[in-house]
Each structure stands twice: as structure tokens, then as C-alpha cells.
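Quick notes on the structure that follows.
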Amino acid sequence: MKRGSGRRTRLETRLSSLDTPLFLIDAARTVLFFNQGCEKLLEWPADEILGQTCDYAVHTDADECESICNLLCPPPEVFKGNHSEVPRYLLTHSGKTLPCVIRYTPLLDEHRQTKLVWGIIDPIEATHNLPVASPPQQLHAELAALRLSLRNRFRFSTIIAHNDEMQRVLRQLELVVNSTQPVHFWGEPGTGKEHLARVLHFESEQRRKIFIPLDCDRLPPRELKQTVSKILKREFDEPMPLEPGVLFLSHVESLSRDIQEIILSKYQSATAKDNIRLITASSYSLTDLLEQESILPEFFYLITTMQIKVPPLRERREDLELLAQHFLENENRYQDKQISGFAPGVLSLFQDYFWPTNLDELEKIIQAAFQTTSELLITQESLPLRLRTGIDARLLGPALPSIVKPLEETLYQIEKEQILLALERSKNNRTEAAKLLGLTRAKLYRRMELLNISLD
């Protein structure tokens, strides 16, 4: 044994047995130390946490150690040598939410590079005692708090819903999560209808069955008809590893009447327990199609047993910043590069933008900025050009409407301008001007007299 190794072992043993929650993370974000205090507080054995890699991303599954590891992850700036004291909401193995402060201390080598980060967890009884953090860290904490709150209240922790309309969506999902009745989502493109359908499935009792998505707008009609028939009859070309649980039809407004009839015949003849759950989505209310007779009345009433309207992003302004942080932290997961948030001014730009394709556009903007930046924060310079030009165009406002003038007045003005231009080109030579205008010299004189054009 090398001299001093026994002392190090004794020190590690003492630190391990402390009730003060201590943990140690290396520069690769791997958990190296997780003491008894952490085990008691978070209800996770050290053996399951040690060796795990953490990302700066909120994850709220109490049954996965990835959740606790990510919630312990230091902000990226700590790995640059900065001490940090941040508010956090941690999740225990039993599902309890713990408000706390984590104090991070970077441990540097002789080159002033961070090799290790010490973390000390200080639980807090009242959330109002949480310290004020930097805006990016505060947004990270708010995102964790919201997701944990939604998880405890609705079980839907992957849906960001601070907005009243989205809270209504969650209450509707809660009503049908454990049933097999059809559900129809409608709202503008990009509002997250398929994500809501997947959440509904994976939180239901049928979560171990397959979720099958089909796009009625993109699949050729013949192929779509064959696919729907095979799924409903459970006639697959190859053995399925799991039983189908949900058939999700997006852009159901494009579904032909003959396919509607196939679905109707299946759901009218089979018992509810034998059916694959039917979830549909459209870009607008199907009531208009019913009035136009583009959808069979029986099919309409089948799929709209429960209708859920999904609001556009422009009506969810209070969710926008949390959604941006959510998409950013999704990019952090399993990446070497970690970004903690947004530089001053970026979120204000987001609030000023119209987001014509809603959540899909926001996610793509964040993905593009994440790939571009080499900083710890997303800056305005790292935002893609299409967003900046879109914001500039919106600031200019709409084009002014054309003014309709009386026809006689307009013709009078145009004719006078053309004659004056011809005279200018011909240096007041009336014969040449008449040729340019396709008139006789006499007719030009008459038009000049009528329009009060004089060469004096």
C-alpha cells in the first residue's frame, strides 16, 4: 500500500457516512461519489447512481436513476471554474418533490481546468426561501418545478402547461387516459397533437402495446387503405413483437369515405375490449367537413367522442420561455456540449415572433441554434437567419392596401404622363412624339389641348 492511501480511504469512509448530502461529478459529468446523506434524502442506493452520466436537462421519471442524475447536474458554467449556488427541485425515488439549494464547487488542476465538481445539497422547507439565481438557472428550476407539479397532479410531466388553455387540455386527457374510447385532437399544424396522443397512450393501461401513427395526408390512398385494413384485422406481413394498442390517424380530414367505412364497420361490429384504440387529429374542426358532407356522419360521431382543441403557440405566451428551455434541454441530453439557457434579449425576440408553425418551428429554431453556438448560452447571433428575417418582416407591418381611384381620373393622369414623357424624349418635336405614342400629329394636338398640355 502506498503511503497515505489509508488516510484517503478513511477520509472517503467518513465523507460517505455523513448525513450531509454530498456528491462528486467529474469533467465528463460522471457521478463518482454519492454519500449516505444523498441516499437517505433521494432514496436511491449509491450503487445505482455511481458511474451514471448526467446531462443539464430536466427529467422527471421517479423510476429512472437518469432523473436524479440530471437534476443533480451542475450548470455548464461550473465546468468553466465558476462557483454556483442554484435553486433546484429534486425528485425522490418514491416520487416526492424536494425544493433545495445545491452549492457547486469546481476543483481545478494546475492548469486551472475543472477536473471535479463537489455538490452539497441543502433541503429547504419553504420554496420562498430559494435563492435568486441567474435568469437561465431560474428558468431551469421553474421548468423542473412545473414538470414535477404536472407529474404529481396529472401524471403528464412531458407536457409544458402553465397556460390556462393547456391546463384545460390536461384535464381532458385525465378524463380519458384510462379508457379506450376514441379521442380527436384538432388545432393548427405544429401544435403538438401527435405528442399529446403519444402521452395519452403511454400513460394509459395499454402502454405496453404499440402506438401506430399514420399520416392520411402523405400516404397514397391505396396504401393507406391497405394499411388501415391490415391493422384493424391484425393481419401483418411479419409477426408483430407487441400487440397494437393505438391507431393514430393524423390529418384525418384527408381520409377518403371508403376508408371511413372500413373503420366504421370494424368499430361497429367489435366489442370495445377487442378494438385498437382510435386517436385522430386534424388541422381544423371537423364540423365544417360534416356540413360539406366530406365526412360520414357516423364516422364523425365515432371519432369525436372526446374532442380536444389544442391552442396555437401565440396563445400560450406564458408557456413560451419554458417551452424554449424544455427544447434546449432536450438537445443537451446525451451530448458532450451542454448549454444552460438563453442570453439576454433572445427570449424577448421569441415573444415578439408570431410562430406560424407553432411548436414544430420553435423546436427547429432551438435545434439550429444549439448546433451553431459554441457559447454557454444561446445568443441572438446563433439564431437561424429565417427567424431574424421573420421578426424583421413582422416589425415592418403589413403592406399598405392599394387605393382604388375613379377610372376617369386614373386614365386622365396616365395619358398626360405618357404624352409629357414622349415630348421629353423627342425634345418637344411633336411629329416624333406622335410616332412614339402611335398617334397621328393631328390627334396628338387634340389630346394635348384636351389635357391642357402646353409647350410655352
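A note on labels: chains of the C-alpha cells are A, B, ... as shown, every chain counts residues from 1, and ligands are counted from 1 in their shown order.
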*Please provide the set of residues having any atom within 12 Å of A:Asp61, restricted to only C-alpha atoms, with same-chain residues fewer than 4 positions apart removed, written as a ChimeraX atom specification.*
/A:65-71,90-97,144,147-148,151-152,155-158
For the residues selected in the previous step, produce a file with N, CA and C atoms as a JSON list (two decimals), in the first residue's frame.
[["chain", "number", "residue", "atom", "x", "y", "z"],
["A", 65, "CYS", "N", -33.00, 6.23, -12.63],
["A", 65, "CYS", "CA", -31.93, 6.97, -11.96],
["A", 65, "CYS", "C", -31.43, 8.12, -12.82],
["A", 66, "GLU", "N", -31.72, 8.07, -14.14],
["A", 66, "GLU", "CA", -31.35, 9.18, -15.02],
["A", 66, "GLU", "C", -31.99, 10.48, -14.54],
["A", 67, "SER", "N", -33.20, 10.39, -13.97],
["A", 67, "SER", "CA", -33.88, 11.59, -13.49],
["A", 67, "SER", "C", -33.09, 12.29, -12.41],
["A", 68, "ILE", "N", -32.69, 11.55, -11.37],
["A", 68, "ILE", "CA", -31.97, 12.18, -10.27],
["A", 68, "ILE", "C", -30.60, 12.67, -10.72],
["A", 69, "CYS", "N", -29.94, 11.89, -11.59],
["A", 69, "CYS", "CA", -28.61, 12.31, -12.07],
["A", 69, "CYS", "C", -28.71, 13.63, -12.83],
["A", 70, "ASN", "N", -29.71, 13.76, -13.71],
["A", 70, "ASN", "CA", -29.86, 15.00, -14.47],
["A", 70, "ASN", "C", -30.21, 16.18, -13.58],
["A", 71, "LEU", "N", -31.04, 15.93, -12.56],
["A", 71, "LEU", "CA", -31.40, 17.03, -11.65],
["A", 71, "LEU", "C", -30.23, 17.46, -10.78],
["A", 90, "LEU", "N", -35.68, 18.60, -6.61],
["A", 90, "LEU", "CA", -35.24, 17.23, -6.81],
["A", 90, "LEU", "C", -36.42, 16.27, -6.66],
["A", 91, "LEU", "N", -36.22, 15.07, -7.18],
["A", 91, "LEU", "CA", -37.25, 14.04, -7.17],
["A", 91, "LEU", "C", -36.72, 12.80, -6.46],
["A", 92, "THR", "N", -37.44, 12.36, -5.44],
["A", 92, "THR", "CA", -37.01, 11.15, -4.73],
["A", 92, "THR", "C", -37.49, 9.91, -5.47],
["A", 93, "HIS", "N", -36.96, 8.77, -5.06],
["A", 93, "HIS", "CA", -37.34, 7.51, -5.70],
["A", 93, "HIS", "C", -38.83, 7.21, -5.48],
["A", 94, "SER", "N", -39.39, 7.70, -4.39],
["A", 94, "SER", "CA", -40.81, 7.47, -4.10],
["A", 94, "SER", "C", -41.72, 8.49, -4.78],
["A", 95, "GLY", "N", -41.11, 9.47, -5.48],
["A", 95, "GLY", "CA", -41.90, 10.44, -6.22],
["A", 95, "GLY", "C", -42.12, 11.76, -5.51],
["A", 96, "LYS", "N", -41.52, 11.95, -4.35],
["A", 96, "LYS", "CA", -41.68, 13.21, -3.60],
["A", 96, "LYS", "C", -40.80, 14.30, -4.21],
["A", 97, "THR", "N", -41.33, 15.53, -4.26],
["A", 97, "THR", "CA", -40.57, 16.67, -4.77],
["A", 97, "THR", "C", -39.90, 17.41, -3.62],
["A", 144, "ALA", "N", -38.25, 22.56, -14.02],
["A", 144, "ALA", "CA", -38.30, 21.37, -13.17],
["A", 144, "ALA", "C", -39.51, 21.41, -12.25],
["A", 147, "ARG", "N", -42.74, 20.74, -14.29],
["A", 147, "ARG", "CA", -42.88, 19.35, -14.73],
["A", 147, "ARG", "C", -43.16, 18.41, -13.56],
["A", 148, "LEU", "N", -42.54, 18.67, -12.44],
["A", 148, "LEU", "CA", -42.82, 17.84, -11.26],
["A", 148, "LEU", "C", -44.24, 18.07, -10.76],
["A", 151, "ARG", "N", -46.56, 16.35, -13.11],
["A", 151, "ARG", "CA", -46.45, 14.91, -12.91],
["A", 151, "ARG", "C", -47.26, 14.48, -11.69],
["A", 152, "ASN", "N", -47.18, 15.23, -10.61],
["A", 152, "ASN", "CA", -47.90, 14.88, -9.39],
["A", 152, "ASN", "C", -49.41, 15.08, -9.55],
["A", 155, "ARG", "N", -49.97, 13.44, -13.98],
["A", 155, "ARG", "CA", -49.13, 12.36, -14.49],
["A", 155, "ARG", "C", -48.51, 12.68, -15.85],
["A", 156, "PHE", "N", -48.74, 13.88, -16.37],
["A", 156, "PHE", "CA", -48.24, 14.22, -17.71],
["A", 156, "PHE", "C", -47.07, 15.19, -17.60],
["A", 157, "SER", "N", -45.91, 14.69, -17.25],
["A", 157, "SER", "CA", -44.78, 15.58, -16.97],
["A", 157, "SER", "C", -44.06, 16.06, -18.23],
["A", 158, "THR", "N", -44.32, 15.46, -19.40],
["A", 158, "THR", "CA", -43.63, 15.91, -20.61],
["A", 158, "THR", "C", -44.42, 16.96, -21.37]]
*Tell me, as a list in words, which residues lie within 8 Å of stretch 100-104 of chain A, counting only C-alpha atoms; anything in the same chain fewer than 6 positions away does not count.*
Pro74, Val78, His83, Ser84, Glu85, Val86, Pro87, Arg88, Tyr89, Leu90, Val117, Trp118, Gly119, Ile120, Ile121, Asp122, Pro123, Ile124, Leu130 and Pro131 of chain A
_Spatial neighbours of A:Thr227, max dist 12 Å, only C-alpha atoms, sep filter under 3 positions, as a PyMOL selection string_ = chain A and resi 212-216+219-224+230-237+247+249+259+262-263
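Nearest residue to A:Phe154 among A:Ala141, A:Leu170, A:Ile419, A:Leu362 is A:Leu170, counting only C-alpha atoms.
Across the model, the gap from atom CA of A:Gly190 to atom CA of A:Thr357 is 5.3 Å.
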*Among the residues of stretch 83-319 of chain A, find those DSSP assigns to strand (DSSP E or B) from the backbone and print them as a ChimeraX atom specification.*
/A:84-91,97-108,114-123,183-186,210-215,244-250,277-282,307-309
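Using only C-alpha atoms, the residues found no farther than 7 Å from A:Cys54, other than those of its own chain fewer than 2 positions away, are Arg29, Thr30, Gln52, Tyr56, Cys69, Asn70 and Cys73 of chain A.
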Could you list, as a PDB file with C-alpha atoms, in the first residue's frame, every residue within 8 Å of A:Glu318, counting only C-alpha atoms and ignoring same-chain residues fewer than 2 positions away?
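Okay, part20.pdb is ready:
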ATOM      1  CA  HIS A 162     -48.761  26.734 -17.384  1.00  0.00           C
ATOM      2  CA  ASN A 163     -51.269  28.348 -19.743  1.00  0.00           C
ATOM      3  CA  ARG A 316     -49.542  30.342 -24.953  1.00  0.00           C
ATOM      4  CA  LEU A 320     -43.123  30.104 -24.410  1.00  0.00           C
ATOM      5  CA  GLU A 321     -39.978  30.585 -22.311  1.00  0.00           C
TER       6      GLU A 321
END
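For stretch 438-454 of chain A, the set of protein, DNA and RNA residues having any atom at most 9 Å away, when counting only C-alpha atoms and skipping those fewer than 4 positions along the same chain, is Tyr412, Glu415, Lys416, Ile419, Leu420, Arg430, Thr431, Glu432, Ala433 and Ala434 of chain A.
Among A:Leu436, A:Ile276, A:Ala161, A:Ile308, the residue with the shortest atom-to-atom distance to A:Leu175, counting only C-alpha atoms, is A:Ile308.
Nearest to A:Leu278 of all the residues A:Thr9, A:Gln367, A:Ser250, A:Asn358 is A:Ser250, based on only C-alpha atoms.
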_From a backbone DSSP assignment, name each residue in stretch 113-249 of chain A labelled alpha helix (DSSP H), as number ranges by chain._
A: 135-154, 164-176, 193-202, 221-233
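You will find atom CA of A:Gln371 at 28.2 Å from atom CA of A:Leu108.
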